[in-house]
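Dropping target36.csv in here (CSV, C-alpha atoms):
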chain,number,residue,atom,x,y,z
X,19,MET,CA,12.8,1.2,-7.2
X,20,ASP,CA,15.0,3.2,-9.4
X,21,ARG,CA,17.7,0.9,-10.8
X,22,ALA,CA,17.0,-1.1,-13.9
X,23,ARG,CA,17.2,-4.9,-13.8
X,24,SER,CA,20.5,-6.3,-12.7
X,25,PRO,CA,22.9,-7.5,-15.3
X,26,LEU,CA,24.3,-11.1,-15.3
X,27,PRO,CA,26.9,-11.8,-12.6
X,28,ALA,CA,30.3,-10.5,-13.3
X,29,ALA,CA,31.8,-13.9,-14.2
X,30,VAL,CA,29.5,-14.4,-17.1
X,31,LEU,CA,29.9,-10.9,-18.4
X,32,LEU,CA,33.6,-11.2,-18.3
X,33,CYS,CA,33.6,-14.5,-20.1
X,34,ALA,CA,31.3,-13.2,-22.8
X,35,THR,CA,33.5,-10.1,-23.6
X,36,LEU,CA,36.8,-11.9,-23.6
X,37,PHE,CA,35.7,-15.0,-25.5
X,38,GLY,CA,37.5,-14.3,-28.7
X,39,SER,CA,40.9,-14.0,-26.9
X,40,LEU,CA,40.2,-17.1,-24.8
X,41,ALA,CA,39.6,-19.3,-27.9
X,42,SER,CA,42.8,-18.1,-29.5
X,43,ALA,CA,45.1,-18.0,-26.6
X,44,GLN,CA,43.8,-21.0,-24.6
X,45,SER,CA,44.0,-18.9,-21.4
X,46,ILE,CA,41.4,-18.1,-18.8
X,47,PRO,CA,40.8,-14.4,-17.8
X,48,GLN,CA,41.1,-13.3,-14.2
X,49,MET,CA,37.7,-13.5,-12.5
X,50,LYS,CA,36.5,-10.8,-10.2
X,51,VAL,CA,34.1,-11.2,-7.4
X,52,PRO,CA,30.6,-9.9,-8.3
X,53,TYR,CA,30.5,-7.2,-5.7
X,54,HIS,CA,27.7,-5.4,-7.5
X,55,THR,CA,25.5,-8.4,-7.1
X,56,VAL,CA,26.4,-8.7,-3.4
X,57,GLU,CA,25.5,-5.0,-2.8
X,58,GLU,CA,22.3,-5.4,-4.8
X,59,MET,CA,21.1,-8.3,-2.7
X,60,GLY,CA,21.2,-5.9,0.3
X,61,VAL,CA,17.7,-5.0,-0.6
X,62,LEU,CA,16.6,-8.3,0.9
X,63,PRO,CA,15.6,-8.4,4.6
X,64,LEU,CA,19.1,-9.8,5.3
X,65,GLY,CA,20.7,-6.5,4.2
X,66,PRO,CA,22.3,-4.3,6.9
X,67,VAL,CA,20.1,-1.3,6.3
X,68,ARG,CA,16.9,-3.5,6.6
X,69,ILE,CA,18.3,-5.0,9.8
X,70,ILE,CA,19.0,-1.6,11.4
X,71,SER,CA,15.5,-0.4,10.5
X,72,ARG,CA,14.1,-3.5,12.3
X,73,ASN,CA,16.4,-2.8,15.3
X,74,VAL,CA,15.1,0.7,15.6
X,75,PHE,CA,11.5,-0.5,15.2
X,76,ASP,CA,11.9,-3.2,17.9
X,77,VAL,CA,13.8,-1.2,20.5
X,78,ILE,CA,12.5,2.3,20.1
X,79,ALA,CA,9.3,2.5,18.1
X,80,SER,CA,7.5,-0.6,19.0
X,81,PRO,CA,8.9,-2.7,21.8
X,82,LEU,CA,6.6,-5.6,22.7
X,83,PRO,CA,4.9,-5.1,26.2
X,84,LEU,CA,6.4,-6.6,29.3
X,85,PRO,CA,4.7,-7.7,32.5
X,86,ALA,CA,3.9,-5.0,35.1
X,87,GLY,CA,5.0,-6.9,38.1
X,88,PRO,CA,6.5,-7.5,40.5
X,89,VAL,CA,6.0,-4.0,41.8
X,90,ALA,CA,8.2,-2.5,44.6
X,91,ASP,CA,6.7,-1.1,47.7
X,92,LYS,CA,7.1,2.7,47.7
X,93,ASP,CA,5.4,5.8,49.1
X,94,GLU,CA,2.7,7.5,47.2
X,95,GLU,CA,4.3,10.1,44.9
X,96,SER,CA,2.8,12.9,42.9
X,97,GLY,CA,4.1,14.3,39.7
X,98,PRO,CA,5.2,12.7,36.4
X,99,ILE,CA,6.8,9.2,36.1
X,100,THR,CA,10.6,9.3,35.9
X,101,GLU,CA,12.6,6.2,35.0
X,102,THR,CA,15.6,5.0,33.1
X,103,ARG,CA,15.5,1.7,31.1
X,104,ILE,CA,18.5,-0.2,29.8
X,105,PRO,CA,17.5,-2.7,27.1
X,106,PRO,CA,20.2,-5.3,26.5
X,107,ALA,CA,19.2,-7.9,23.9
X,108,ALA,CA,20.7,-10.3,21.3
X,109,ASP,CA,19.3,-12.3,18.4
X,110,LEU,CA,20.4,-15.1,16.0
X,111,GLU,CA,19.0,-15.5,12.6
X,112,ARG,CA,19.4,-18.0,9.8
X,113,PHE,CA,18.3,-17.2,6.3
X,114,GLU,CA,18.3,-18.7,2.8
X,115,TYR,CA,17.7,-17.5,-0.7
X,116,LYS,CA,17.2,-20.4,-3.1
X,117,GLY,CA,18.3,-18.5,-6.2
X,118,GLY,CA,18.3,-20.6,-9.3
X,119,GLU,CA,15.9,-19.4,-12.0
X,120,ASN,CA,15.1,-15.9,-10.9
X,121,ASP,CA,14.6,-12.7,-12.8
X,122,TYR,CA,17.4,-10.9,-11.0
X,123,HIS,CA,20.2,-13.4,-11.8
X,124,TRP,CA,21.0,-13.7,-8.1
X,125,PRO,CA,22.8,-16.8,-6.9
X,126,GLU,CA,21.7,-19.3,-4.2
X,127,LEU,CA,22.6,-17.8,-0.8
X,128,LYS,CA,22.6,-19.2,2.7
X,129,GLY,CA,23.9,-17.8,6.0
X,130,PHE,CA,23.3,-16.5,9.5
X,131,ARG,CA,23.3,-13.2,11.4
X,132,PHE,CA,24.1,-12.4,15.0
X,133,GLY,CA,23.0,-9.0,16.4
X,134,THR,CA,23.2,-7.3,19.8
X,135,GLY,CA,23.0,-3.9,21.4
X,136,LEU,CA,26.5,-2.9,22.6
X,137,ALA,CA,25.0,-0.1,24.7
X,138,GLY,CA,21.8,1.9,25.1
X,139,ALA,CA,19.5,3.6,27.5
X,140,ILE,CA,16.0,5.0,27.4
X,141,ARG,CA,15.0,7.8,29.8
X,142,ARG,CA,11.5,8.7,30.6
X,143,GLN,CA,10.4,12.0,32.2
X,144,GLY,CA,6.7,12.3,32.3
X,145,ARG,CA,5.5,12.2,28.7
X,146,LEU,CA,8.9,12.8,27.3
X,147,ARG,CA,11.2,9.9,26.3
X,148,TYR,CA,14.7,10.1,24.8
X,149,GLY,CA,17.7,7.8,24.5
X,150,PHE,CA,20.3,6.1,22.4
X,151,ILE,CA,21.3,2.6,21.1
X,152,VAL,CA,24.6,1.3,19.8
X,153,PRO,CA,23.8,-1.8,17.7
X,154,PHE,CA,26.2,-4.3,16.2
X,155,HIS,CA,25.3,-7.0,13.6
X,156,HIS,CA,27.6,-9.6,12.1
X,157,THR,CA,26.4,-11.5,8.9
X,158,GLU,CA,28.0,-14.4,7.2
X,159,ALA,CA,26.7,-15.9,4.0
X,160,GLU,CA,27.8,-18.3,1.2
X,161,ALA,CA,26.6,-17.8,-2.4
X,162,LYS,CA,26.9,-20.4,-5.1
X,163,SER,CA,26.3,-20.3,-8.8
X,164,THR,CA,27.1,-22.4,-11.9
X,165,HIS,CA,27.4,-21.0,-15.4
X,166,CYS,CA,28.2,-22.6,-18.8
X,167,VAL,CA,29.4,-20.5,-21.7
X,168,ALA,CA,29.9,-21.8,-25.2
X,169,LYS,CA,31.1,-20.1,-28.4
X,170,PRO,CA,31.2,-21.7,-31.9
X,171,MET,CA,34.6,-21.8,-33.6
X,172,THR,CA,35.5,-22.8,-37.2
X,173,SER,CA,36.9,-26.1,-35.9
X,174,GLY,CA,34.4,-26.8,-33.1
X,175,THR,CA,33.1,-25.2,-29.9
X,176,PHE,CA,34.9,-23.5,-27.0
X,177,THR,CA,33.1,-24.1,-23.7
X,178,MET,CA,33.7,-23.0,-20.1
X,179,ASP,CA,31.9,-24.4,-17.1
X,180,ILE,CA,32.3,-22.1,-14.1
X,181,ARG,CA,31.4,-23.1,-10.5
X,182,HIS,CA,31.5,-20.0,-8.3
X,183,THR,CA,31.5,-19.9,-4.5
X,184,CYS,CA,31.4,-16.6,-2.8
X,185,ASP,CA,31.9,-16.1,1.0
X,186,VAL,CA,30.5,-12.8,2.3
X,187,LYS,CA,31.0,-11.2,5.7
X,188,VAL,CA,29.3,-8.0,6.7
X,189,ASN,CA,29.7,-6.1,10.0
X,190,ALA,CA,27.3,-3.2,10.6
X,191,SER,CA,27.7,-1.0,13.7
X,192,GLY,CA,26.8,2.5,14.6
X,193,VAL,CA,24.8,4.8,17.0
X,194,GLY,CA,21.3,6.0,17.0
X,195,ALA,CA,19.5,8.6,19.1
X,196,PHE,CA,15.8,9.4,19.5
X,197,SER,CA,13.3,11.5,21.2
X,198,SER,CA,9.5,11.1,21.5
X,199,TYR,CA,6.5,12.7,23.3
X,200,GLU,CA,3.2,11.2,24.5
X,201,ILE,CA,0.6,13.5,23.2
X,202,LEU,CA,-1.9,11.3,25.0
X,203,SER,CA,-1.1,9.1,28.0
X,204,GLU,CA,-3.1,6.5,29.9
X,205,ASP,CA,-0.7,7.2,32.9
X,206,GLU,CA,-2.3,10.7,33.0
X,207,LYS,CA,-5.9,9.5,32.6
X,208,ASP,CA,-6.2,9.8,28.9
X,209,PRO,CA,-8.2,7.1,27.1
X,210,VAL,CA,-5.3,5.9,25.0
X,211,THR,CA,-1.5,6.4,24.8
X,212,VAL,CA,-0.2,8.0,21.6
X,213,ASN,CA,3.5,8.6,21.2
X,214,ILE,CA,5.2,10.5,18.4
X,215,GLY,CA,8.9,10.8,17.8
X,216,ALA,CA,11.9,10.8,15.6
X,217,VAL,CA,15.2,8.8,15.4
X,218,GLY,CA,18.4,9.4,13.6
X,219,GLY,CA,21.9,7.9,13.4
X,220,TRP,CA,24.9,6.7,11.6
X,221,VAL,CA,26.0,3.1,10.6
X,222,LEU,CA,29.3,1.9,9.3
X,223,VAL,CA,28.9,-1.2,7.0
X,224,CYS,CA,32.1,-3.2,6.4
X,225,THR,CA,31.9,-5.8,3.7
X,226,SER,CA,34.4,-8.6,2.8
X,227,VAL,CA,33.8,-10.8,-0.2
X,228,GLU,CA,36.0,-13.8,-1.1
X,229,GLY,CA,35.3,-15.6,-4.3
X,230,THR,CA,36.5,-19.0,-5.6
X,231,TYR,CA,36.1,-20.0,-9.2
X,232,ASP,CA,36.5,-23.6,-10.4
X,233,ILE,CA,36.8,-23.4,-14.2
X,234,SER,CA,36.7,-26.3,-16.6
X,235,TYR,CA,37.3,-25.5,-20.3
X,236,SER,CA,37.3,-27.4,-23.5
X,237,SER,CA,38.1,-26.6,-27.1
X,238,PRO,CA,39.1,-28.4,-30.3
X,239,VAL,CA,42.8,-27.9,-29.4
X,240,GLY,CA,42.7,-28.9,-25.8
X,241,SER,CA,40.9,-28.8,-22.4
X,242,GLY,CA,41.8,-28.2,-18.8
X,243,TYR,CA,40.9,-27.0,-15.3
X,244,GLN,CA,41.8,-23.9,-13.3
X,245,ARG,CA,41.0,-22.5,-9.9
X,246,GLN,CA,41.0,-18.8,-9.3
X,247,GLU,CA,40.4,-16.6,-6.2
X,248,ASP,CA,39.6,-13.0,-5.7
X,249,THR,CA,38.9,-10.8,-2.7
X,250,LYS,CA,37.3,-7.4,-2.2
X,251,HIS,CA,36.9,-5.3,0.9
X,252,ASP,CA,34.7,-2.2,1.1
X,253,TYR,CA,33.0,0.0,3.6
X,254,GLN,CA,30.1,2.4,3.5
X,255,ASN,CA,28.9,5.2,5.8
X,256,VAL,CA,25.2,5.2,6.0
X,257,GLY,CA,23.1,7.9,7.6
X,258,ALA,CA,19.5,7.1,8.6
X,259,ALA,CA,16.6,9.0,10.1
X,260,GLY,CA,12.9,9.0,10.3
X,261,PRO,CA,9.7,9.6,12.3
X,262,PHE,CA,7.6,7.1,14.1
X,263,LEU,CA,4.1,7.0,15.6
X,264,THR,CA,2.6,4.5,18.1
X,265,ALA,CA,-0.8,4.1,19.8
X,266,SER,CA,-1.8,1.6,22.4
X,267,LYS,CA,-4.6,0.8,24.8
X,268,ASP,CA,-4.6,-1.3,28.0
X,269,PHE,CA,-7.9,-3.0,28.3
X,270,GLY,CA,-6.8,-5.0,31.3
X,271,PRO,CA,-7.0,-8.6,30.0
X,272,VAL,CA,-5.3,-7.5,26.7
X,273,ILE,CA,-3.1,-4.7,25.5
X,274,ILE,CA,-3.5,-3.7,21.9
X,275,GLY,CA,-1.2,-1.3,20.0
X,276,LEU,CA,-0.4,-0.1,16.5
X,277,SER,CA,3.1,1.2,15.5
X,278,SER,CA,4.6,2.7,12.4
X,279,LEU,CA,8.1,3.9,11.3
X,280,CYS,CA,9.3,5.6,8.2
X,281,ALA,CA,13.1,5.3,7.6
X,282,PHE,CA,15.3,7.2,5.2
X,283,SER,CA,18.8,6.0,4.5
X,284,VAL,CA,21.6,7.5,2.3
X,285,CYS,CA,25.1,6.2,1.6
X,286,ASP,CA,27.9,8.8,1.2
X,287,HIS,CA,30.7,6.4,0.1
X,288,GLY,CA,31.5,4.2,-2.9
X,289,GLY,CA,28.4,3.3,-4.9
X,290,GLN,CA,26.0,6.0,-3.6
X,291,TRP,CA,22.4,5.0,-3.0
X,292,TYR,CA,19.2,6.1,-1.3
X,293,SER,CA,16.6,4.0,0.5
X,294,ARG,CA,13.2,4.7,1.9
X,295,GLU,CA,11.1,2.2,3.7
X,296,THR,CA,8.2,2.0,6.1
X,297,MET,CA,7.3,-0.5,8.8
X,298,PHE,CA,3.7,-0.8,10.1
X,299,GLY,CA,1.8,-3.3,12.2
X,300,PRO,CA,-0.2,-4.3,15.3
X,301,ILE,CA,1.0,-5.6,18.6
X,302,VAL,CA,-0.9,-7.6,21.2
X,303,GLY,CA,0.0,-8.4,24.8
X,304,VAL,CA,-1.8,-10.7,27.1
X,305,PRO,CA,-0.9,-10.7,30.8
X,306,VAL,CA,-1.3,-14.2,32.0
X,307,HIS,CA,0.1,-13.4,35.5
X,308,GLU,CA,1.4,-10.3,37.3
X,309,ARG,CA,4.9,-11.5,36.3
X,310,VAL,CA,4.2,-13.1,32.9
X,311,MET,CA,3.2,-11.5,29.6
X,312,LEU,CA,2.6,-13.2,26.3
X,313,SER,CA,2.9,-10.8,23.3
X,314,ALA,CA,3.0,-11.0,19.5
X,315,SER,CA,3.3,-8.6,16.5
X,316,ALA,CA,2.7,-8.8,12.8
X,317,VAL,CA,4.7,-6.1,10.9
X,318,ARG,CA,4.7,-5.3,7.3
X,319,GLY,CA,7.8,-3.7,5.8
X,320,ASP,CA,7.4,-1.8,2.5
X,321,ILE,CA,10.5,-0.9,0.5
X,322,LEU,CA,9.3,2.3,-1.2
X,323,GLU,CA,12.6,3.1,-2.9
X,324,ASP,CA,16.0,1.6,-3.0
X,325,ASP,CA,18.6,2.6,-5.7
X,326,ARG,CA,20.4,-0.7,-5.4
X,327,GLY,CA,17.6,-3.1,-6.3
X,328,PRO,CA,16.0,-4.3,-9.5
X,329,ARG,CA,13.0,-2.3,-10.6
X,330,ASP,CA,10.6,-5.2,-10.2
X,331,PHE,CA,11.9,-6.7,-7.0
X,332,PRO,CA,9.1,-7.5,-4.5
X,333,ASP,CA,8.7,-4.4,-2.4
X,334,CYS,CA,7.2,-5.7,0.8
X,335,TYR,CA,7.7,-8.4,3.4
X,336,TYR,CA,6.2,-9.5,6.7
X,337,LEU,CA,7.6,-10.2,10.2
X,338,LEU,CA,5.7,-12.4,12.6
X,339,THR,CA,7.0,-12.3,16.1
X,340,GLY,CA,6.1,-14.0,19.4
X,341,GLN,CA,7.5,-13.3,22.8
X,342,VAL,CA,7.3,-14.3,26.5
X,343,GLY,CA,8.2,-11.7,29.1
X,344,VAL,CA,8.8,-12.5,32.8
X,345,GLY,CA,9.3,-10.1,35.7
X,346,ILE,CA,11.9,-11.5,38.0
X,347,ALA,CA,12.4,-8.4,40.2
X,348,PRO,CA,10.8,-4.9,40.5
X,349,GLY,CA,13.5,-3.5,38.3
X,350,ILE,CA,14.4,-6.5,36.1
X,351,LYS,CA,12.3,-8.1,33.4
X,352,VAL,CA,13.6,-10.7,30.9
X,353,PHE,CA,12.1,-11.9,27.6
X,354,ALA,CA,12.7,-14.4,24.8
X,355,GLY,CA,11.0,-15.1,21.5
X,356,ALA,CA,11.1,-16.1,17.9
X,357,ARG,CA,10.5,-14.4,14.5
X,358,THR,CA,9.9,-15.5,11.0
X,359,THR,CA,10.1,-13.5,7.7
X,360,LEU,CA,7.4,-14.1,5.0
X,361,GLY,CA,6.3,-12.6,1.7
X,362,ILE,CA,9.4,-12.8,-0.6
X,363,GLU,CA,9.5,-15.7,-3.0
X,364,ASP,CA,12.5,-18.1,-2.5
X,365,TYR,CA,13.5,-16.3,0.7
X,366,THR,CA,13.2,-17.7,4.2
X,367,ALA,CA,14.5,-16.4,7.5
X,368,HIS,CA,13.9,-17.5,11.1
X,369,SER,CA,15.4,-16.0,14.3
X,370,ILE,CA,15.4,-16.4,18.0
X,371,PHE,CA,16.1,-13.6,20.5
X,372,ALA,CA,16.4,-12.9,24.2
X,373,GLY,CA,17.1,-9.9,26.4
X,374,ALA,CA,16.2,-7.9,29.5
X,375,ALA,CA,14.9,-4.5,30.6
X,376,ILE,CA,16.7,-3.1,33.6
X,377,ILE,CA,14.6,-0.3,35.1
X,378,PHE,CA,15.6,2.2,37.8

Exercise: express the given structure as structure tokens:
Amino acid sequence: MDRARSPLPAAVLLCATLFGSLASAQSIPQMKVPYHTVEEMGVLPLGPVRIISRNVFDVIASPLPLPAGPVADKDEESGPITETRIPPAADLERFEYKGGENDYHWPELKGFRFGTGLAGAIRRQGRLRYGFIVPFHHTEAEAKSTHCVAKPMTSGTFTMDIRHTCDVKVNASGVGAFSSYEILSEDEKDPVTVNIGAVGGWVLVCTSVEGTYDISYSSPVGSGYQRQEDTKHDYQNVGAAGPFLTASKDFGPVIIGLSSLCAFSVCDHGGQWYSRETMFGPIVGVPVHERVMLSASAVRGDILEDDRGPRDFPDCYYLLTGQVGVGIAPGIKVFAGARTTLGIEDYTAHSIFAGAAIIF
């Protein structure tokens, strides 16, 4: 990553630079929400760009297999397979970053995220696939930190104890389009299916940060308490694009696949930054019945570059996912599952999801 290690949160820096005037005037400076820290923590898997990359990987590059049945009765047809699939889905995730003594000076953070596809469709014509998705994700988190600053004076010591609570809300929505081609297809008697494609899109990220500061101060000439509040609203336009490659083989009792995605993101508003990450991992599907499919995946995400993050931030994480799919009609299949995030010290995240595939 390109950016040097993050500075101390804004509250501590402000206290340090204005300490002399505090001691003499017995007044407290106006605190500002540490928006830089909030933006920097977006390198975590909870960040909107990380979420959109996972969304693309799950829906377009590497959807977990669904059961084949039930199959509608129809006349024998020749020619390529033609179908349209609408993939509505939603997920709910809870996450926590313990903070405390870390090298990045990040606060303790806890929250949740809700995501869904507002619209989308995938069209297949023989070996060609193309389509679009309109994702929406809402994230709410609370960050807490405590700081104590002391400065010697000729008659004693001036101290400030600052308890900071920061409420963060992030809405990320946009549109993405893709196209892919099966250079090998088991549907056309090839030994495996290999699919190569590319995706691109735009995301609007709206961020609201509300900070509350409870400040207790003490000096040789007096002491007191003060509460301050500050709010910041911002938005960023993010463009994202990248190629993906998948390969799979249906062995009958089990389906095995391997998927990869490389995503490039760039922000063109406010604090400009650039991000590059890859996602790679196997998927396995086991049909336990014509109408029931059990599937799982283990995906590794590598953050190759992100201008927002500290230079030594852990640059990879893992997603373990399990899913049950059920065919309830020839053109309707439903699924539900769970996912956990591993690999980043002090960070945990667990999610559940459900959705359907409407095929016609």

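The shortest atom-to-atom distance to X:Phe130, with all atoms listed in the file taken into account, belongs to X:Ala367 out of X:Leu338, X:Val310, X:Ala367, X:Ala374.
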
Report, in Å with one decimal, the straight-line distance from atom CA of X:Glu200 to atom CA of X:Val212.
5.5 Å

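If you measure from each of X:Arg72, X:Thr102, X:Arg145, X:Leu263 to X:Thr339 using only C-alpha atoms, the closest one turns out to be X:Arg72.
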
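Taking all atoms listed in the file into account, X:Thr164 lies nearest to X:Arg181 out of the set X:Arg181, X:Arg112, X:Lys207, X:Lys351.
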
Point (26.3, 0.9, 14.5) neighbourhood (6 Å, all atoms listed in the file) written as a ChimeraX atom specification:
/X:152-154,190-193,221

Taking (23.4, 5.8, -3.2) in the coordinates of the supplied file, I want to know which residues reach to within 12 Å of it, counting only C-alpha atoms; could you give the answer as a ChimeraX atom specification?
/X:20-21,57-58,254-257,282-294,323-327

Fewer than 2 positions away in the same chain doesn't count, so skip those; otherwise give me all residues within 10 Å of X:Gly299, counting only C-alpha atoms, as a compact mmCIF listing (two decimals) with C-alpha atoms, keeping the file's coordinate frame.
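File part01.txt, as written:
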# COMPACT_ATOMS: atom_id res chain seq x y z
CA SER X 80 7.50 -0.60 19.00
CA THR X 264 2.60 4.50 18.10
CA GLY X 275 -1.20 -1.30 20.00
CA LEU X 276 -0.40 -0.10 16.50
CA SER X 277 3.10 1.20 15.50
CA SER X 278 4.60 2.70 12.40
CA LEU X 279 8.10 3.90 11.30
CA MET X 297 7.30 -0.50 8.80
CA ILE X 301 1.00 -5.60 18.60
CA SER X 315 3.30 -8.60 16.50
CA ALA X 316 2.70 -8.80 12.80
CA VAL X 317 4.70 -6.10 10.90
CA ARG X 318 4.70 -5.30 7.30
CA GLY X 319 7.80 -3.70 5.80
CA TYR X 336 6.20 -9.50 6.70
CA LEU X 337 7.60 -10.20 10.20
CA LEU X 338 5.70 -12.40 12.60
